[in-house]
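Shown next: query_36.pdb, containing PDB, C-alpha atoms and all ligand atoms.
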```
ATOM      1  CA  THR A 215     -18.438  98.934  55.998  1.00  0.00           C
ATOM      2  CA  LEU A 216     -16.792  98.436  52.634  1.00  0.00           C
ATOM      3  CA  ARG A 217     -14.021  95.903  53.069  1.00  0.00           C
ATOM      4  CA  THR A 218     -11.084  97.082  50.969  1.00  0.00           C
ATOM      5  CA  ALA A 219      -8.122  95.069  49.705  1.00  0.00           C
ATOM      6  CA  ILE A 220      -5.054  96.883  48.406  1.00  0.00           C
ATOM      7  CA  LEU A 221      -2.730  95.196  45.898  1.00  0.00           C
ATOM      8  CA  ILE A 222       0.895  96.322  45.788  1.00  0.00           C
ATOM      9  CA  SER A 223       4.230  95.347  44.254  1.00  0.00           C
ATOM     10  CA  GLY A 224       6.643  97.802  45.857  1.00  0.00           C
ATOM     11  CA  GLY A 225       7.095 100.578  48.357  1.00  0.00           C
ATOM     12  CA  GLY A 226       3.416 100.985  49.069  1.00  0.00           C
ATOM     13  CA  SER A 227       3.270 104.743  49.579  1.00  0.00           C
ATOM     14  CA  ASN A 228      -0.113 104.936  47.857  1.00  0.00           C
ATOM     15  CA  MET A 229      -1.304 101.991  49.972  1.00  0.00           C
ATOM     16  CA  VAL A 230      -0.306 103.911  53.126  1.00  0.00           C
ATOM     17  CA  ALA A 231      -2.158 107.027  51.933  1.00  0.00           C
ATOM     18  CA  LEU A 232      -5.271 104.945  51.222  1.00  0.00           C
ATOM     19  CA  ALA A 233      -5.114 103.003  54.489  1.00  0.00           C
ATOM     20  CA  ARG A 234      -4.631 106.185  56.544  1.00  0.00           C
ATOM     21  CA  SER A 235      -7.637 107.755  54.882  1.00  0.00           C
ATOM     22  CA  MET A 236     -10.024 104.951  55.847  1.00  0.00           C
ATOM     23  CA  THR A 237     -10.870 106.071  59.373  1.00  0.00           C
ATOM     24  CA  GLY A 238     -13.672 107.826  61.196  1.00  0.00           C
ATOM     25  CA  ASP A 239     -16.837 108.227  59.147  1.00  0.00           C
ATOM     26  CA  HIS A 240     -15.182 106.802  56.020  1.00  0.00           C
ATOM     27  CA  PRO A 241     -17.386 104.005  54.680  1.00  0.00           C
ATOM     28  CA  ALA A 242     -14.400 101.765  53.877  1.00  0.00           C
ATOM     29  CA  ARG A 243     -11.781  99.963  55.932  1.00  0.00           C
ATOM     30  CA  PRO A 244      -8.558  98.234  54.793  1.00  0.00           C
ATOM     31  CA  VAL A 245      -8.768  94.478  55.385  1.00  0.00           C
ATOM     32  CA  LEU A 246      -5.894  93.092  53.316  1.00  0.00           C
ATOM     33  CA  VAL A 247      -2.684  94.225  51.649  1.00  0.00           C
ATOM     34  CA  LEU A 248      -1.687  91.686  49.018  1.00  0.00           C
ATOM     35  CA  SER A 249       1.646  91.726  47.195  1.00  0.00           C
ATOM     36  CA  ASN A 250       2.940  89.712  44.254  1.00  0.00           C
ATOM     37  CA  ARG A 251       6.471  90.322  45.531  1.00  0.00           C
ATOM     38  CA  PRO A 252       7.507  88.964  48.944  1.00  0.00           C
ATOM     39  CA  GLU A 253      10.174  91.701  49.237  1.00  0.00           C
ATOM     40  CA  ALA A 254       7.725  94.588  48.704  1.00  0.00           C
ATOM     41  CA  GLY A 255       8.430  97.281  51.285  1.00  0.00           C
ATOM     42  CA  GLY A 256       4.746  98.009  51.628  1.00  0.00           C
ATOM     43  CA  LEU A 257       4.130  94.669  53.339  1.00  0.00           C
ATOM     44  CA  GLY A 258       6.032  95.759  56.444  1.00  0.00           C
ATOM     45  CA  LEU A 259       4.303  99.141  56.440  1.00  0.00           C
ATOM     46  CA  ALA A 260       0.898  97.452  56.248  1.00  0.00           C
ATOM     47  CA  GLY A 261       1.784  95.056  59.048  1.00  0.00           C
ATOM     48  CA  GLY A 262       2.888  98.021  61.158  1.00  0.00           C
ATOM     49  CA  MET A 263      -0.526  99.571  60.598  1.00  0.00           C
ATOM     50  CA  GLY A 264      -2.202  96.401  61.810  1.00  0.00           C
ATOM     51  CA  ILE A 265      -3.509  95.371  58.391  1.00  0.00           C
ATOM     52  CA  ASP A 266      -3.475  91.708  57.378  1.00  0.00           C
ATOM     53  CA  THR A 267      -0.979  90.974  54.613  1.00  0.00           C
ATOM     54  CA  ALA A 268      -0.563  88.180  52.081  1.00  0.00           C
ATOM     55  CA  VAL A 269       1.832  87.342  49.268  1.00  0.00           C
ATOM     56  CA  VAL A 270       1.080  85.589  45.998  1.00  0.00           C
ATOM     57  CA  ASP A 271       4.488  85.387  44.321  1.00  0.00           C
ATOM     58  CA  HIS A 272       3.962  85.492  40.552  1.00  0.00           C
ATOM     59  CA  ARG A 273       7.353  83.809  40.055  1.00  0.00           C
ATOM     60  CA  ALA A 274       5.909  80.593  41.463  1.00  0.00           C
ATOM     61  CA  PHE A 275       3.548  80.453  38.465  1.00  0.00           C
ATOM     62  CA  LYS A 276       6.004  80.836  35.540  1.00  0.00           C
ATOM     63  CA  GLY A 277       3.777  81.982  32.709  1.00  0.00           C
ATOM     64  CA  ASP A 278       0.695  80.357  34.246  1.00  0.00           C
ATOM     65  CA  ARG A 279      -1.402  83.514  34.463  1.00  0.00           C
ATOM     66  CA  PRO A 280      -4.666  81.686  35.193  1.00  0.00           C
ATOM     67  CA  GLY A 281      -2.929  79.904  38.071  1.00  0.00           C
ATOM     68  CA  PHE A 282      -1.531  83.195  39.409  1.00  0.00           C
ATOM     69  CA  GLU A 283      -4.914  84.877  39.209  1.00  0.00           C
ATOM     70  CA  ALA A 284      -6.661  81.901  40.823  1.00  0.00           C
ATOM     71  CA  ALA A 285      -4.226  82.230  43.726  1.00  0.00           C
ATOM     72  CA  LEU A 286      -4.917  85.969  43.908  1.00  0.00           C
ATOM     73  CA  ASN A 287      -8.637  85.201  44.010  1.00  0.00           C
ATOM     74  CA  ARG A 288      -8.171  82.657  46.797  1.00  0.00           C
ATOM     75  CA  ALA A 289      -6.250  85.206  48.891  1.00  0.00           C
ATOM     76  CA  LEU A 290      -8.854  87.863  48.157  1.00  0.00           C
ATOM     77  CA  ASP A 291     -11.810  85.575  48.852  1.00  0.00           C
ATOM     78  CA  ALA A 292     -10.362  84.817  52.285  1.00  0.00           C
ATOM     79  CA  ALA A 293     -10.655  88.557  53.030  1.00  0.00           C
ATOM     80  CA  ALA A 294     -14.046  88.970  51.270  1.00  0.00           C
ATOM     81  CA  PRO A 295     -13.367  92.472  49.945  1.00  0.00           C
ATOM     82  CA  ASP A 296     -16.079  94.755  48.583  1.00  0.00           C
ATOM     83  CA  LEU A 297     -13.457  96.947  46.890  1.00  0.00           C
ATOM     84  CA  ILE A 298      -9.977  96.368  45.494  1.00  0.00           C
ATOM     85  CA  CYS A 299      -7.430  99.160  45.044  1.00  0.00           C
ATOM     86  CA  LEU A 300      -4.427  98.495  42.829  1.00  0.00           C
ATOM     87  CA  ALA A 301      -1.658 100.696  44.246  1.00  0.00           C
ATOM     88  CA  GLY A 302       1.590 100.232  42.361  1.00  0.00           C
ATOM     89  CA  PHE A 303       0.597  96.664  41.457  1.00  0.00           C
ATOM     90  CA  MET A 304       2.816  95.898  38.482  1.00  0.00           C
ATOM     91  CA  ARG A 305       1.253  92.761  36.983  1.00  0.00           C
ATOM     92  CA  VAL A 306      -1.108  92.851  34.021  1.00  0.00           C
ATOM     93  CA  LEU A 307      -4.448  91.238  34.857  1.00  0.00           C
ATOM     94  CA  THR A 308      -6.508  89.213  32.373  1.00  0.00           C
ATOM     95  CA  SER A 309     -10.165  89.795  31.591  1.00  0.00           C
ATOM     96  CA  ALA A 310     -11.095  86.721  33.641  1.00  0.00           C
ATOM     97  CA  PHE A 311      -9.829  88.545  36.725  1.00  0.00           C
ATOM     98  CA  THR A 312     -10.954  92.066  35.848  1.00  0.00           C
ATOM     99  CA  ASP A 313     -14.442  90.837  34.861  1.00  0.00           C
ATOM    100  CA  ARG A 314     -14.832  89.069  38.176  1.00  0.00           C
ATOM    101  CA  TRP A 315     -14.136  92.303  40.095  1.00  0.00           C
ATOM    102  CA  ALA A 316     -15.761  94.665  37.584  1.00  0.00           C
ATOM    103  CA  GLY A 317     -17.158  97.813  39.167  1.00  0.00           C
ATOM    104  CA  ARG A 318     -15.275  97.067  42.395  1.00  0.00           C
ATOM    105  CA  MET A 319     -11.631  97.608  41.390  1.00  0.00           C
ATOM    106  CA  LEU A 320      -9.678 100.875  41.077  1.00  0.00           C
ATOM    107  CA  ASN A 321      -6.139 101.618  39.874  1.00  0.00           C
ATOM    108  CA  ILE A 322      -3.795 104.597  40.003  1.00  0.00           C
ATOM    109  CA  HIS A 323      -1.674 105.201  36.936  1.00  0.00           C
ATOM    110  CA  PRO A 324       1.121 107.803  36.719  1.00  0.00           C
ATOM    111  CA  SER A 325      -0.010 109.641  33.586  1.00  0.00           C
ATOM    112  CA  LEU A 326      -2.843 111.789  32.344  1.00  0.00           C
ATOM    113  CA  LEU A 327      -4.784 108.949  30.738  1.00  0.00           C
ATOM    114  CA  PRO A 328      -5.604 108.291  27.943  1.00  0.00           C
ATOM    115  CA  LYS A 329      -2.007 109.365  27.351  1.00  0.00           C
ATOM    116  CA  TYR A 330       0.753 106.871  28.134  1.00  0.00           C
ATOM    117  CA  ARG A 331      -0.856 103.622  29.123  1.00  0.00           C
ATOM    118  CA  GLY A 332       1.646 101.042  30.308  1.00  0.00           C
ATOM    119  CA  LEU A 333       5.181 101.699  31.537  1.00  0.00           C
ATOM    120  CA  ASP A 334       7.753 104.536  31.553  1.00  0.00           C
ATOM    121  CA  THR A 335       5.101 107.238  31.677  1.00  0.00           C
ATOM    122  CA  HIS A 336       7.346 110.011  33.011  1.00  0.00           C
ATOM    123  CA  ALA A 337      10.016 109.492  30.342  1.00  0.00           C
ATOM    124  CA  ARG A 338       7.373 109.352  27.626  1.00  0.00           C
ATOM    125  CA  ALA A 339       5.736 112.623  28.749  1.00  0.00           C
ATOM    126  CA  LEU A 340       9.174 114.307  28.732  1.00  0.00           C
ATOM    127  CA  ALA A 341      10.119 112.849  25.348  1.00  0.00           C
ATOM    128  CA  ALA A 342       6.850 114.128  23.880  1.00  0.00           C
ATOM    129  CA  GLY A 343       7.612 117.656  25.091  1.00  0.00           C
ATOM    130  CA  ASP A 344       4.427 117.775  27.157  1.00  0.00           C
ATOM    131  CA  ARG A 345       3.878 120.816  29.359  1.00  0.00           C
ATOM    132  CA  MET A 346       1.586 118.982  31.781  1.00  0.00           C
ATOM    133  CA  HIS A 347       1.834 115.605  33.455  1.00  0.00           C
ATOM    134  CA  GLY A 348      -0.157 113.898  36.134  1.00  0.00           C
ATOM    135  CA  CYS A 349      -1.830 110.804  37.453  1.00  0.00           C
ATOM    136  CA  THR A 350      -5.181 109.140  36.967  1.00  0.00           C
ATOM    137  CA  VAL A 351      -7.411 106.958  39.120  1.00  0.00           C
ATOM    138  CA  HIS A 352      -9.714 104.799  37.028  1.00  0.00           C
ATOM    139  CA  GLU A 353     -11.935 101.778  37.232  1.00  0.00           C
ATOM    140  CA  VAL A 354     -10.149  98.640  36.122  1.00  0.00           C
ATOM    141  CA  THR A 355     -11.476  96.893  33.026  1.00  0.00           C
ATOM    142  CA  ALA A 356      -9.929  94.314  30.721  1.00  0.00           C
ATOM    143  CA  GLU A 357      -8.346  97.112  28.689  1.00  0.00           C
ATOM    144  CA  LEU A 358      -4.949  97.964  30.229  1.00  0.00           C
ATOM    145  CA  ASP A 359      -5.175 101.404  31.908  1.00  0.00           C
ATOM    146  CA  GLY A 360      -8.342 101.944  29.868  1.00  0.00           C
ATOM    147  CA  GLY A 361     -11.282 101.893  32.295  1.00  0.00           C
ATOM    148  CA  PRO A 362     -13.549 104.835  33.167  1.00  0.00           C
ATOM    149  CA  ILE A 363     -11.624 107.771  34.635  1.00  0.00           C
ATOM    150  CA  LEU A 364     -12.624 108.752  38.180  1.00  0.00           C
ATOM    151  CA  GLY A 365     -10.051 111.451  38.889  1.00  0.00           C
ATOM    152  CA  GLN A 366      -6.881 113.149  37.735  1.00  0.00           C
ATOM    153  CA  ALA A 367      -4.215 115.344  39.314  1.00  0.00           C
ATOM    154  CA  ARG A 368      -2.270 117.627  36.982  1.00  0.00           C
ATOM    155  CA  ILE A 369       1.195 119.113  37.521  1.00  0.00           C
ATOM    156  CA  GLY A 370       3.355 121.291  35.317  1.00  0.00           C
ATOM    157  CA  ILE A 371       6.494 119.929  33.681  1.00  0.00           C
ATOM    158  CA  ARG A 372       9.481 122.175  34.426  1.00  0.00           C
ATOM    159  CA  PRO A 373      12.653 122.828  32.439  1.00  0.00           C
ATOM    160  CA  GLY A 374      15.308 120.365  33.573  1.00  0.00           C
ATOM    161  CA  ASP A 375      12.799 117.789  34.783  1.00  0.00           C
ATOM    162  CA  THR A 376      13.944 114.186  34.540  1.00  0.00           C
ATOM    163  CA  PRO A 377      11.796 111.075  34.878  1.00  0.00           C
ATOM    164  CA  ASP A 378      12.933 110.905  38.514  1.00  0.00           C
ATOM    165  CA  THR A 379      12.165 114.524  39.444  1.00  0.00           C
ATOM    166  CA  LEU A 380       8.813 114.261  37.722  1.00  0.00           C
ATOM    167  CA  ALA A 381       7.940 111.030  39.521  1.00  0.00           C
ATOM    168  CA  ALA A 382       8.996 112.511  42.862  1.00  0.00           C
ATOM    169  CA  ARG A 383       6.957 115.682  42.354  1.00  0.00           C
ATOM    170  CA  LEU A 384       3.924 113.700  41.222  1.00  0.00           C
ATOM    171  CA  LEU A 385       3.864 111.202  44.088  1.00  0.00           C
ATOM    172  CA  PRO A 386       2.339 113.558  46.719  1.00  0.00           C
ATOM    173  CA  PHE A 387      -0.448 114.309  44.251  1.00  0.00           C
ATOM    174  CA  GLU A 388      -1.069 110.579  43.877  1.00  0.00           C
ATOM    175  CA  HIS A 389      -1.343 110.406  47.665  1.00  0.00           C
ATOM    176  CA  ALA A 390      -3.934 113.186  47.614  1.00  0.00           C
ATOM    177  CA  LEU A 391      -5.884 111.981  44.591  1.00  0.00           C
ATOM    178  CA  TYR A 392      -6.272 108.288  45.370  1.00  0.00           C
ATOM    179  CA  PRO A 393      -7.864 108.717  48.835  1.00  0.00           C
ATOM    180  CA  LEU A 394     -10.112 111.477  47.458  1.00  0.00           C
ATOM    181  CA  VAL A 395     -11.341 109.249  44.635  1.00  0.00           C
ATOM    182  CA  LEU A 396     -11.715 106.212  46.911  1.00  0.00           C
ATOM    183  CA  ARG A 397     -13.888 108.205  49.313  1.00  0.00           C
ATOM    184  CA  ARG A 398     -16.074 109.491  46.499  1.00  0.00           C
ATOM    185  CA  PHE A 399     -16.303 105.999  44.958  1.00  0.00           C
ATOM    186  CA  ALA A 400     -17.253 104.479  48.320  1.00  0.00           C
ATOM    187  CA  ASP A 401     -19.958 107.138  48.592  1.00  0.00           C
ATOM    188  CA  GLY A 402     -21.299 106.125  45.159  1.00  0.00           C
ATOM    189  CA  VAL A 403     -19.920 109.104  43.203  1.00  0.00           C
ATOM    190  CA  ARG A 404     -18.762 108.221  39.689  1.00  0.00           C
ATOM    191  CA  THR A 405     -18.187 111.680  38.184  1.00  0.00           C
ATOM    192  CA  PRO A 406     -14.479 112.485  37.710  1.00  0.00           C
ATOM    193  CA  VAL A 407     -12.667 114.882  40.049  1.00  0.00           C
ATOM    194  CA  THR A 408      -9.596 116.984  39.212  1.00  0.00           C
ATOM    195  CA  ILE A 409      -6.743 118.240  41.370  1.00  0.00           C
ATOM    196  CA  GLU A 410      -4.622 121.021  39.874  1.00  0.00           C
ATOM    197  CA  ALA A 411      -1.127 121.792  41.199  1.00  0.00           C
ATOM    198  CA  GLY A 412      -1.191 125.228  42.846  1.00  0.00           C
TER     199      GLY A 412
HETATM  200  C1  LIG B   1       3.084 104.931  41.774  1.00  0.00           C
HETATM  201  O1  LIG B   1       3.717 106.028  41.169  1.00  0.00           O
HETATM  202  C2  LIG B   1       1.962 104.417  40.896  1.00  0.00           C
HETATM  203  O2  LIG B   1       1.279 105.433  40.219  1.00  0.00           O
HETATM  204  C3  LIG B   1       2.710 103.558  39.931  1.00  0.00           C
HETATM  205  O3  LIG B   1       3.681 102.906  40.710  1.00  0.00           O
HETATM  206  C4  LIG B   1       4.037 103.729  41.818  1.00  0.00           C
HETATM  207  C5  LIG B   1       3.890 102.922  43.079  1.00  0.00           C
HETATM  208  O4  LIG B   1       4.402 103.613  44.204  1.00  0.00           O
HETATM  209  N1  LIG B   1       1.833 102.624  39.296  1.00  0.00           N
HETATM  210  C6  LIG B   1       2.044 102.116  38.076  1.00  0.00           C
HETATM  211  O5  LIG B   1       3.000 102.402  37.403  1.00  0.00           O
HETATM  212  C7  LIG B   1       0.970 101.154  37.603  1.00  0.00           C
HETATM  213  N2  LIG B   1       1.286 100.643  36.293  1.00  0.00           N
HETATM  214  P1  LIG B   1       3.978 103.147  45.666  1.00  0.00           P
HETATM  215  O6  LIG B   1       4.264 101.651  45.769  1.00  0.00           O
HETATM  216  O7  LIG B   1       4.866 103.943  46.569  1.00  0.00           O
HETATM  217  O8  LIG B   1       2.521 103.450  45.837  1.00  0.00           O
END
```

Structure re-expressed in structure tokens:
Amino acid sequence: TLRTAILISGGGSNMVALARSMTGDHPARPVLVLSNRPEAGGLGLAGGMGIDTAVVDHRAFKGDRPGFEAALNRALDAAAPDLICLAGFMRVLTSAFTDRWAGRMLNIHPSLLPKYRGLDTHARALAAGDRMHGCTVHEVTAELDGGPILGQARIGIRPGDTPDTLAARLLPFEHALYPLVLRRFADGVRTPVTIEAG
């Protein structure tokens, strides 16, 4: 089985969707949920699902990114993951870390990459007058939100949408897309998949 670690910073709804999907004939199983924030709501959800949890609090490292990433690696090595899923993990990772896990680490980003790397994606799509928005699952490389795209879900932007309504309408598509892409990735599929809002 493919041992899968999931890195979170917050509520963990994508983590829950991923963890729930890894059952039955799925080749992967969740072995660790790791948060950089001790107060992340997803930690309790993971514990309730019987998944081991760990915290590496970035605030303990004050600008010492190598130290933070070394601590992440120690926590990960203890779980010996084959795959890492970033799921709402809100720390930028250096090339030392991304190179070490190259080809084994996925991320979900709330935009139709290559549009809107980084933060505030919903507000930026609205400000640009876009008609479509969405989310992307991609392989993680040293380039922020820049690795090979493995899947996208697309939704229409509606009149009156705000960053909050857009985020709320997109989230269920994230929960559909990420498990779909993880399953395909675990099965060795690297061609991108698309989900279109009905
Ligand atoms: C999700 O919308 C995810 O796409 C986004 O954070 C949210 C986490 O929600 N990720 C990023 O912005 C990455 N830069 P969750 O904790 O409920 O999964």

Query raised in the report: Residues at most 7 Å from ligand LIG 1 (chain B), using all atoms listed in the file? Could they come as number ranges by chain?
Result: A: 222-229, 256, 301-304, 322-324, 332-333, 349, 381, 385, 388

Report task. Can you give me, as a VMD selection string, the residues this file yields under the PyMOL selection byres (((chain A and resi 408) around 7) and not hetatm)? Result -> chain A and resid 365 to 367 406 to 407 409 to 410

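Proximity of A:Pro362, A:Phe282, A:Ile371, A:Pro241 to Gly402 in chain A, computed with all atoms listed in the file, is greatest for A:Pro241.
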
Requested in this report: Specify as a ChimeraX atom specification each residue included when the PyMOL selection byres (((chain A and resi 260) around 9) and not hetatm) is applied to this file.
Outcome: /A:226,229-230,233,246-247,256-259,261-267

Query raised in the report: Can you list, as a PyMOL selection string, the residues that the PyMOL selection byres (((chain A and resi 344) around 12) and not hetatm) selects here?
Result: chain A and resi 325-326+329-330+335-343+345-348+368-373+375+380

**Report entry** Nearest to His272 in chain A, chosen from A:Asp359, A:Leu286, A:Met319, A:Ala294, with only C-alpha atoms counted in the distances
**Finding:**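 Looking only at the distances to His272 in chain A, the closest residue turns out to be A:Leu286.
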
**Report entry** Best match for closeness to Ala289 in chain A among A:Ala231, A:Ala268, A:Val245, A:Val403, counting all atoms listed in the file
**Finding:**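 Nearest to Ala289 in chain A: A:Ala268.
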
Requested in this report: Quick one: pull the distance between CA of Arg305 in chain A and CA of Asn250 in chain A, Å, one decimal.
Outcome: 8.1 Å

Give the centre and edge lengths of an axis-aligned box, in Å to one decimal, that holds all listed atoms of range 287-306 of chain A with 4 Å on each side, as AutoDock Vina command-line options.
```
--center_x -6.6 --center_y 91.7 --center_z 43.5 --size_x 26.9 --size_y 26.0 --size_z 27.0
```

Query raised in the report: So, counting all atoms listed in the file, which residue among A:Pro393, A:Gly255, A:Gly412, A:Pro280 is closest to Leu307 in chain A?
Result: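 Distance minimum relative to Leu307 in chain A lands on A:Pro280.
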
**Report entry** Close residues, Thr312 in chain A itself excluded, 7 Å, only C-alpha atoms, min 5 positions apart in chain, as a PyMOL selection string
**Finding:** chain A and resi 307+354-356

Query raised in the report: Which value, in Å to one decimal, gives the distance between CA of Ala310 in chain A and CA of Glu357 in chain A?
Result: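 Atom-to-atom, CA of Ala310 in chain A and CA of Glu357 in chain A are spaced 11.8 Å apart.
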
Query raised in the report: For the atom pair CA of Leu232 in chain A and CA of Ala316 in chain A, what is the interatomic distance in Å to one decimal place?
Result: 20.0 Å
